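Asker: One structure is given below, represented as structure tokens, and several questions about it will come after.
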Amino acid sequence: MRFGIPDVRRCAASLDATDRMLVAFWGFLACVSLVFSARIPHWRPLLAAFALAAAAVCFLASAARSSPAGWVRSLHDWIAFPLVLFTYKALYYLIGPIHGGRDFDRLLIAADRWLFGTGWPVWLDRIANPLLTELLQIAYTLFYLYFIVVGLQLYCRRDGSPFRYFRFTSVYGFFLSYIGYFFLPAVGPRFTLHAYSDMHADLPGLGLTPLMRRFVDFFEAIPPEATDAVAAAVAQRDVFPSGHTMLTLVVLWLAYRYRVRARHVLLVAGLLLIVATVYLRYHYLVDVVAGALFALFALGTAPGLYAGFGEGRPARRE
């Protein structure tokens with residue numbers, strides 16, 4: 001079958017709100033890549049990657065609507081979450097070159113000290129102990145599991161609208177945090193207020209802490225046993241706002257809105273995660289405050305945006 005105008009229209013009609021937001025955000029990143037192409041060495045591969053991702057989403061959405069195979073629909077329903085990770089990694093090739101390698105940690109440190117004083121890092125060091133470190137490192141590392149837990153419980157319900165709104169709002173929240181990274185790229189206190197190489201000595205955990213730290217570093221492309229300079233150079237500039245704080249609050253709100261069975265467990269785990277962002281030196285306090293404000297903005301604007309992308313009003317709370 002030739003791919004003509006009717007096919008394009010049929011493909012566009014098969015896109016749901018999350019599909020449209022993914023394609024729109026990749027279009028935005030493509031425009032950014034073109035505008036700053038003189039600074040971005042890999043702008044051509046980035047354009048190709050965004051175009052291929054958009055084409056894959058369109059194809060999968062169309063296939064999910066027309067195919068009787070349940071696995072095709074399930075793949076389409078869940079593909080947005082790995083595509084968020086794809087988008088996150090693409091930012092690495094945009095943010096640093098756009099700013100010429102400049103970070104804004106000094107500005108965030110100054111804001112932190114103005115708002116909260118200089119005593120909180122010292123206080124955190126005083127309460128540090130291996131058991132607490134292990135508990136908080138686990139809570140922090142399991143961040144993405146929270147989406148799976150809530151998503152699966154909503155996905156198994158007969159009414160699919162809560163899952164679709166949960167998926168849309170989660171992806172929207174991630175993309176909002178990415179906008180923050182564009183304006184204020186920073187590496188965080190584990191590189192600026194502390195020595196990255198001293199993490200294991202300063203905050204020793206128990207059995208799982210070293211492995212989980214390596215897992216977190218892997219997603220930031222920090223190689224094992226990297227020196228302080230190398231780790232800071234390659235780390236993802238994803239500090240402001242705290243995406244972990246922002247998206248945890250979004251997930252918790254949705255879990256309680258739709259009365260997810262695991263919501264009380266997730267509440268405890270989520271609060272530990274938010275504490276962990278500062279205790280484990282991943283974020284400044286101002287990042288956490290910004291994450292909370294971004295979460296309020298995301299939750300306040302998501303219903304209107306969801307309707308604007310053609311899904312109508314979100315499902316009511318249960």
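Each chain in the structure tokens gets a letter, A, B and so on, in the order shown; residues start at 1 in every chain, and ligands are counted from 1 in the order they appear.
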Any chance you could tabulate, as CSV, the residues of region 257-280 of chain A at most 12 Å from region 182-194 of chain A with each one's nearest atom pair and distance in Å to one decimal, using only C-alpha atoms, in chain and rising number order?

Answerer:
residue,atom,partner,partner_atom,distance
A:Thr277,CA,A:Gly188,CA,10.3
A:Val278,CA,A:Pro189,CA,8.6
A:Tyr279,CA,A:Arg190,CA,10.2
A:Leu280,CA,A:Arg190,CA,8.0

Asker: Dump C-alpha atoms for the selected residues as an mmCIF file, in the first residue's frame?

Answerer:
data_model
loop_
_atom_site.group_PDB
_atom_site.id
_atom_site.type_symbol
_atom_site.label_atom_id
_atom_site.label_comp_id
_atom_site.auth_asym_id
_atom_site.auth_seq_id
_atom_site.Cartn_x
_atom_site.Cartn_y
_atom_site.Cartn_z
ATOM 1 C CA THR A 277 17.729 13.175 47.070
ATOM 2 C CA VAL A 278 19.437 15.538 49.530
ATOM 3 C CA TYR A 279 20.925 13.038 51.987
ATOM 4 C CA LEU A 280 22.700 11.143 49.197
#

Asker: Which residues of region 172-205 of chain A sit at most 12 Å from region 66-80 of chain A, using only C-alpha atoms? Give each one's shortest atom pair and distance in Å (one decimal place), in chain and ascending residue order, as CSV.

Answerer:
residue,atom,partner,partner_atom,distance
A:Tyr172,CA,A:Ala80,CA,10.7
A:Phe174,CA,A:Ala80,CA,11.2
A:Phe175,CA,A:Ala80,CA,11.9

Asker: Give the answer as one residue: which of A:Tyr284, A:Ala201, A:Pro303, A:Leu208 has the shortest atom-to-atom distance to Thr118 (chain A), using only C-alpha atoms?

Answerer: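 Going through A:Tyr284, A:Ala201, A:Pro303, A:Leu208 one by one, the smallest distance to Thr118 (chain A) is for A:Tyr284.
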
Asker: Please provide the set of residues having any atom within 12 Å of Leu273 (chain A), restricted to only C-alpha atoms, with same-chain residues fewer than 4 positions apart removed, written as a PDB file with C-alpha atoms, in the first residue's frame.

Answerer:
ATOM      1  CA  LEU A 132      20.053   4.906  56.969  1.00  0.00           C
ATOM      2  CA  THR A 133      22.241   5.226  53.882  1.00  0.00           C
ATOM      3  CA  GLU A 134      21.252   1.751  52.707  1.00  0.00           C
ATOM      4  CA  LEU A 135      17.545   2.439  53.229  1.00  0.00           C
ATOM      5  CA  LEU A 136      17.621   5.763  51.412  1.00  0.00           C
ATOM      6  CA  GLN A 137      19.774   4.474  48.569  1.00  0.00           C
ATOM      7  CA  ILE A 138      17.255   1.683  47.967  1.00  0.00           C
ATOM      8  CA  ALA A 139      14.354   4.149  48.028  1.00  0.00           C
ATOM      9  CA  TYR A 140      16.136   6.442  45.568  1.00  0.00           C
ATOM     10  CA  THR A 141      17.199   3.696  43.161  1.00  0.00           C
ATOM     11  CA  LEU A 142      13.739   2.144  42.964  1.00  0.00           C
ATOM     12  CA  PHE A 143      12.299   5.384  41.579  1.00  0.00           C
ATOM     13  CA  TYR A 144      11.196   3.892  38.248  1.00  0.00           C
ATOM     14  CA  TYR A 146       6.954   3.265  41.424  1.00  0.00           C
ATOM     15  CA  SER A 242      14.649  17.497  41.275  1.00  0.00           C
ATOM     16  CA  GLY A 243      12.847  15.204  38.849  1.00  0.00           C
ATOM     17  CA  HIS A 244      12.819  12.456  41.468  1.00  0.00           C
ATOM     18  CA  THR A 245      10.944  14.746  43.849  1.00  0.00           C
ATOM     19  CA  MET A 246       8.611  16.116  41.213  1.00  0.00           C
ATOM     20  CA  LEU A 247       7.605  12.814  39.652  1.00  0.00           C
ATOM     21  CA  THR A 248       7.338  11.031  43.004  1.00  0.00           C
ATOM     22  CA  LEU A 249       4.802  13.616  44.139  1.00  0.00           C
ATOM     23  CA  LEU A 252       1.694   9.660  44.780  1.00  0.00           C
ATOM     24  CA  LEU A 266       4.324   4.064  48.045  1.00  0.00           C
ATOM     25  CA  LEU A 267       3.753   7.081  50.279  1.00  0.00           C
ATOM     26  CA  VAL A 268       6.351   5.873  52.787  1.00  0.00           C
ATOM     27  CA  ALA A 269       8.773   4.875  50.036  1.00  0.00           C
ATOM     28  CA  THR A 277      17.729  13.175  47.070  1.00  0.00           C
ATOM     29  CA  VAL A 278      19.437  15.538  49.530  1.00  0.00           C
ATOM     30  CA  TYR A 279      20.925  13.038  51.987  1.00  0.00           C
ATOM     31  CA  LEU A 280      22.700  11.143  49.197  1.00  0.00           C
ATOM     32  CA  TYR A 282      22.234  14.194  44.427  1.00  0.00           C
ATOM     33  CA  HIS A 283      20.366  17.492  44.892  1.00  0.00           C
ATOM     34  CA  VAL A 288      13.597  19.715  46.000  1.00  0.00           C
TER      35      VAL A 288
END

Asker: Rank A:Thr169, A:Ser161, A:Thr87, A:Thr209 by their smallest atom-to-atom distance to Leu296 (chain A), using only C-alpha atoms, and report the top residue only.

Answerer: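 Among the listed residues, the smallest separation from Leu296 (chain A) belongs to A:Thr169.
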
Asker: Tell me which of A:Leu305, A:Ile98, A:Tyr88, A:Ala128 sits closest to Asp202 (chain A), counting only C-alpha atoms.

Answerer: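 The answer is A:Ala128, which sits nearest to Asp202 (chain A).
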
Asker: Applying 8 Å and only C-alpha atoms, which residues near Ala61 (chain A) remain after dropping the ones on its own chain fewer than 5 positions away? List them as JSON, numbers by chain.

Answerer: {"A": [11, 14, 15, 16, 19, 76]}

Asker: As a ChimeraX atom specification, please: every residue in region 117-257 of chain A that DSSP puts in alpha helix (DSSP H).

Answerer: /A:120-127,130-141,143-155,161-183,189-192,199-202,209-219,228-234,243-257

Asker: Restrict the selected residues to C-alpha atoms and save them as an mmCIF file, in the first residue's frame.

Answerer:
data_model
loop_
_atom_site.group_PDB
_atom_site.id
_atom_site.type_symbol
_atom_site.label_atom_id
_atom_site.label_comp_id
_atom_site.auth_asym_id
_atom_site.auth_seq_id
_atom_site.Cartn_x
_atom_site.Cartn_y
_atom_site.Cartn_z
ATOM 1 C CA TRP A 120 21.963 21.628 56.653
ATOM 2 C CA PRO A 121 24.849 19.749 54.930
ATOM 3 C CA VAL A 122 26.691 19.576 58.247
ATOM 4 C CA TRP A 123 23.556 18.323 60.012
ATOM 5 C CA LEU A 124 23.042 15.611 57.390
ATOM 6 C CA ASP A 125 26.635 14.466 57.843
ATOM 7 C CA ARG A 126 26.031 14.160 61.586
ATOM 8 C CA ILE A 127 23.002 11.868 61.241
ATOM 9 C CA PRO A 130 25.199 2.871 57.123
ATOM 10 C CA LEU A 131 21.687 1.583 57.832
ATOM 11 C CA LEU A 132 20.053 4.906 56.969
ATOM 12 C CA THR A 133 22.241 5.226 53.882
ATOM 13 C CA GLU A 134 21.252 1.751 52.707
ATOM 14 C CA LEU A 135 17.545 2.439 53.229
ATOM 15 C CA LEU A 136 17.621 5.763 51.412
ATOM 16 C CA GLN A 137 19.774 4.474 48.569
ATOM 17 C CA ILE A 138 17.255 1.683 47.967
ATOM 18 C CA ALA A 139 14.354 4.149 48.028
ATOM 19 C CA TYR A 140 16.136 6.442 45.568
ATOM 20 C CA THR A 141 17.199 3.696 43.161
ATOM 21 C CA PHE A 143 12.299 5.384 41.579
ATOM 22 C CA TYR A 144 11.196 3.892 38.248
ATOM 23 C CA LEU A 145 9.590 0.926 40.002
ATOM 24 C CA TYR A 146 6.954 3.265 41.424
ATOM 25 C CA PHE A 147 5.642 3.939 37.916
ATOM 26 C CA ILE A 148 5.479 0.221 37.177
ATOM 27 C CA VAL A 149 3.587 -0.531 40.398
ATOM 28 C CA VAL A 150 0.985 2.192 39.902
ATOM 29 C CA GLY A 151 0.797 1.651 36.157
ATOM 30 C CA LEU A 152 0.210 -2.091 36.421
ATOM 31 C CA GLN A 153 -2.495 -1.727 39.037
ATOM 32 C CA LEU A 154 -4.321 0.811 36.879
ATOM 33 C CA TYR A 155 -3.709 -1.160 33.685
ATOM 34 C CA SER A 161 -8.999 5.775 31.289
ATOM 35 C CA PRO A 162 -7.184 6.115 34.667
ATOM 36 C CA PHE A 163 -4.123 4.364 33.228
ATOM 37 C CA ARG A 164 -4.130 6.578 30.151
ATOM 38 C CA TYR A 165 -4.291 9.726 32.276
ATOM 39 C CA PHE A 166 -1.597 8.395 34.622
ATOM 40 C CA ARG A 167 0.669 7.685 31.645
ATOM 41 C CA PHE A 168 0.044 11.106 30.107
ATOM 42 C CA THR A 169 0.621 13.028 33.337
ATOM 43 C CA SER A 170 3.793 11.081 34.134
ATOM 44 C CA VAL A 171 5.302 11.735 30.707
ATOM 45 C CA TYR A 172 4.234 15.379 30.879
ATOM 46 C CA GLY A 173 5.918 15.700 34.275
ATOM 47 C CA PHE A 174 9.168 14.270 32.963
ATOM 48 C CA PHE A 175 9.180 16.664 30.024
ATOM 49 C CA LEU A 176 8.547 19.659 32.276
ATOM 50 C CA SER A 177 11.562 18.718 34.385
ATOM 51 C CA TYR A 178 13.634 18.448 31.212
ATOM 52 C CA ILE A 179 12.763 22.062 30.397
ATOM 53 C CA GLY A 180 14.263 23.031 33.753
ATOM 54 C CA TYR A 181 17.485 21.234 32.883
ATOM 55 C CA PHE A 182 17.767 23.324 29.721
ATOM 56 C CA PHE A 183 17.679 26.603 31.614
ATOM 57 C CA PRO A 189 26.394 18.727 45.510
ATOM 58 C CA ARG A 190 28.149 15.359 45.199
ATOM 59 C CA PHE A 191 30.500 17.123 42.764
ATOM 60 C CA THR A 192 30.518 20.699 44.114
ATOM 61 C CA MET A 199 30.973 9.042 48.542
ATOM 62 C CA HIS A 200 31.712 5.483 49.662
ATOM 63 C CA ALA A 201 33.896 6.669 52.543
ATOM 64 C CA ASP A 202 31.601 9.485 53.686
ATOM 65 C CA THR A 209 24.538 0.551 48.410
ATOM 66 C CA PRO A 210 27.647 0.238 46.172
ATOM 67 C CA LEU A 211 25.732 -1.744 43.559
ATOM 68 C CA MET A 212 22.828 0.703 43.504
ATOM 69 C CA ARG A 213 25.133 3.700 43.254
ATOM 70 C CA ARG A 214 26.755 2.074 40.265
ATOM 71 C CA PHE A 215 23.297 1.555 38.769
ATOM 72 C CA VAL A 216 22.461 5.259 39.185
ATOM 73 C CA ASP A 217 25.823 6.254 37.703
ATOM 74 C CA PHE A 218 25.244 3.952 34.746
ATOM 75 C CA PHE A 219 22.181 5.946 33.701
ATOM 76 C CA ASP A 228 36.167 13.283 40.154
ATOM 77 C CA ALA A 229 36.972 15.284 37.020
ATOM 78 C CA VAL A 230 35.781 12.599 34.606
ATOM 79 C CA ALA A 231 32.591 11.912 36.559
ATOM 80 C CA ALA A 232 31.695 15.604 36.722
ATOM 81 C CA ALA A 233 32.425 16.050 33.017
ATOM 82 C CA VAL A 234 30.181 13.231 31.805
ATOM 83 C CA GLY A 243 12.847 15.204 38.849
ATOM 84 C CA HIS A 244 12.819 12.456 41.468
ATOM 85 C CA THR A 245 10.944 14.746 43.849
ATOM 86 C CA MET A 246 8.611 16.116 41.213
ATOM 87 C CA LEU A 247 7.605 12.814 39.652
ATOM 88 C CA THR A 248 7.338 11.031 43.004
ATOM 89 C CA LEU A 249 4.802 13.616 44.139
ATOM 90 C CA VAL A 250 2.927 13.292 40.852
ATOM 91 C CA VAL A 251 2.793 9.496 41.139
ATOM 92 C CA LEU A 252 1.694 9.660 44.780
ATOM 93 C CA TRP A 253 -1.083 12.112 43.985
ATOM 94 C CA LEU A 254 -2.358 9.903 41.158
ATOM 95 C CA ALA A 255 -2.049 6.769 43.300
ATOM 96 C CA TYR A 256 -4.311 8.334 45.934
ATOM 97 C CA ARG A 257 -6.653 9.850 43.364
#

Asker: Which residue gives the smallest distance to Val289 (chain A) among A:Ala111, A:Ala48, A:Ala24, A:Val84, with only C-alpha atoms counted?

Answerer: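 The closest residue to Val289 (chain A) is A:Ala111.
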
Asker: If we count only C-alpha atoms and set the cut-off at 10 Å, which residues sit around Pro97 (chain A), ignoring sequence neighbours fewer than 3 positions away in its own chain? Please answer as a list in words.

Answerer: Phe36, Ser37, Ala38, Arg39, Ile40, Pro41, His42, Tyr92, Tyr93, Leu94, Gly100, Gly101 and Arg102 of chain A

Asker: Please produce a file of those selected residues containing N, CA and C atoms, as a PDB file, in the first residue's frame.

Answerer:
ATOM      1  N   PHE A  36      20.427  25.712  17.310  1.00  0.00           N
ATOM      2  CA  PHE A  36      21.771  25.717  17.897  1.00  0.00           C
ATOM      3  C   PHE A  36      22.707  24.727  17.192  1.00  0.00           C
ATOM      4  N   SER A  37      22.443  24.460  15.939  1.00  0.00           N
ATOM      5  CA  SER A  37      23.232  23.458  15.219  1.00  0.00           C
ATOM      6  C   SER A  37      24.719  23.816  15.158  1.00  0.00           C
ATOM      7  N   ALA A  38      25.019  25.116  15.184  1.00  0.00           N
ATOM      8  CA  ALA A  38      26.429  25.518  15.148  1.00  0.00           C
ATOM      9  C   ALA A  38      27.168  25.107  16.416  1.00  0.00           C
ATOM     10  N   ARG A  39      26.440  24.900  17.506  1.00  0.00           N
ATOM     11  CA  ARG A  39      27.066  24.508  18.781  1.00  0.00           C
ATOM     12  C   ARG A  39      26.961  23.013  19.057  1.00  0.00           C
ATOM     13  N   ILE A  40      26.027  22.338  18.402  1.00  0.00           N
ATOM     14  CA  ILE A  40      25.742  20.936  18.713  1.00  0.00           C
ATOM     15  C   ILE A  40      26.406  20.043  17.670  1.00  0.00           C
ATOM     16  N   PRO A  41      27.477  19.345  18.035  1.00  0.00           N
ATOM     17  CA  PRO A  41      28.189  18.529  17.046  1.00  0.00           C
ATOM     18  C   PRO A  41      27.333  17.427  16.430  1.00  0.00           C
ATOM     19  N   HIS A  42      26.414  16.872  17.210  1.00  0.00           N
ATOM     20  CA  HIS A  42      25.656  15.708  16.746  1.00  0.00           C
ATOM     21  C   HIS A  42      24.220  16.073  16.378  1.00  0.00           C
ATOM     22  N   TYR A  92      21.467  14.894  26.845  1.00  0.00           N
ATOM     23  CA  TYR A  92      22.899  14.938  27.131  1.00  0.00           C
ATOM     24  C   TYR A  92      23.662  15.591  25.979  1.00  0.00           C
ATOM     25  N   TYR A  93      23.197  15.346  24.756  1.00  0.00           N
ATOM     26  CA  TYR A  93      23.885  15.858  23.575  1.00  0.00           C
ATOM     27  C   TYR A  93      23.420  17.257  23.183  1.00  0.00           C
ATOM     28  N   LEU A  94      22.467  17.794  23.945  1.00  0.00           N
ATOM     29  CA  LEU A  94      21.948  19.121  23.658  1.00  0.00           C
ATOM     30  C   LEU A  94      22.353  20.162  24.692  1.00  0.00           C
ATOM     31  N   GLY A 100      27.702  25.747  26.199  1.00  0.00           N
ATOM     32  CA  GLY A 100      29.156  25.801  26.109  1.00  0.00           C
ATOM     33  C   GLY A 100      29.852  25.162  27.284  1.00  0.00           C
ATOM     34  N   GLY A 101      29.218  24.155  27.883  1.00  0.00           N
ATOM     35  CA  GLY A 101      29.817  23.476  29.021  1.00  0.00           C
ATOM     36  C   GLY A 101      29.657  24.209  30.339  1.00  0.00           C
ATOM     37  N   ARG A 102      28.919  25.300  30.358  1.00  0.00           N
ATOM     38  CA  ARG A 102      28.746  26.075  31.591  1.00  0.00           C
ATOM     39  C   ARG A 102      27.674  25.439  32.460  1.00  0.00           C
TER      40      ARG A 102
END

Asker: Env of Thr227 (chain A): 10 Å cut, atoms = only C-alpha atoms, seq-sep filter 6 positions within chain, self excluded. Answer as a list in words.

Answerer: Ala195, Tyr196, Ser197 and Ala233 of chain A
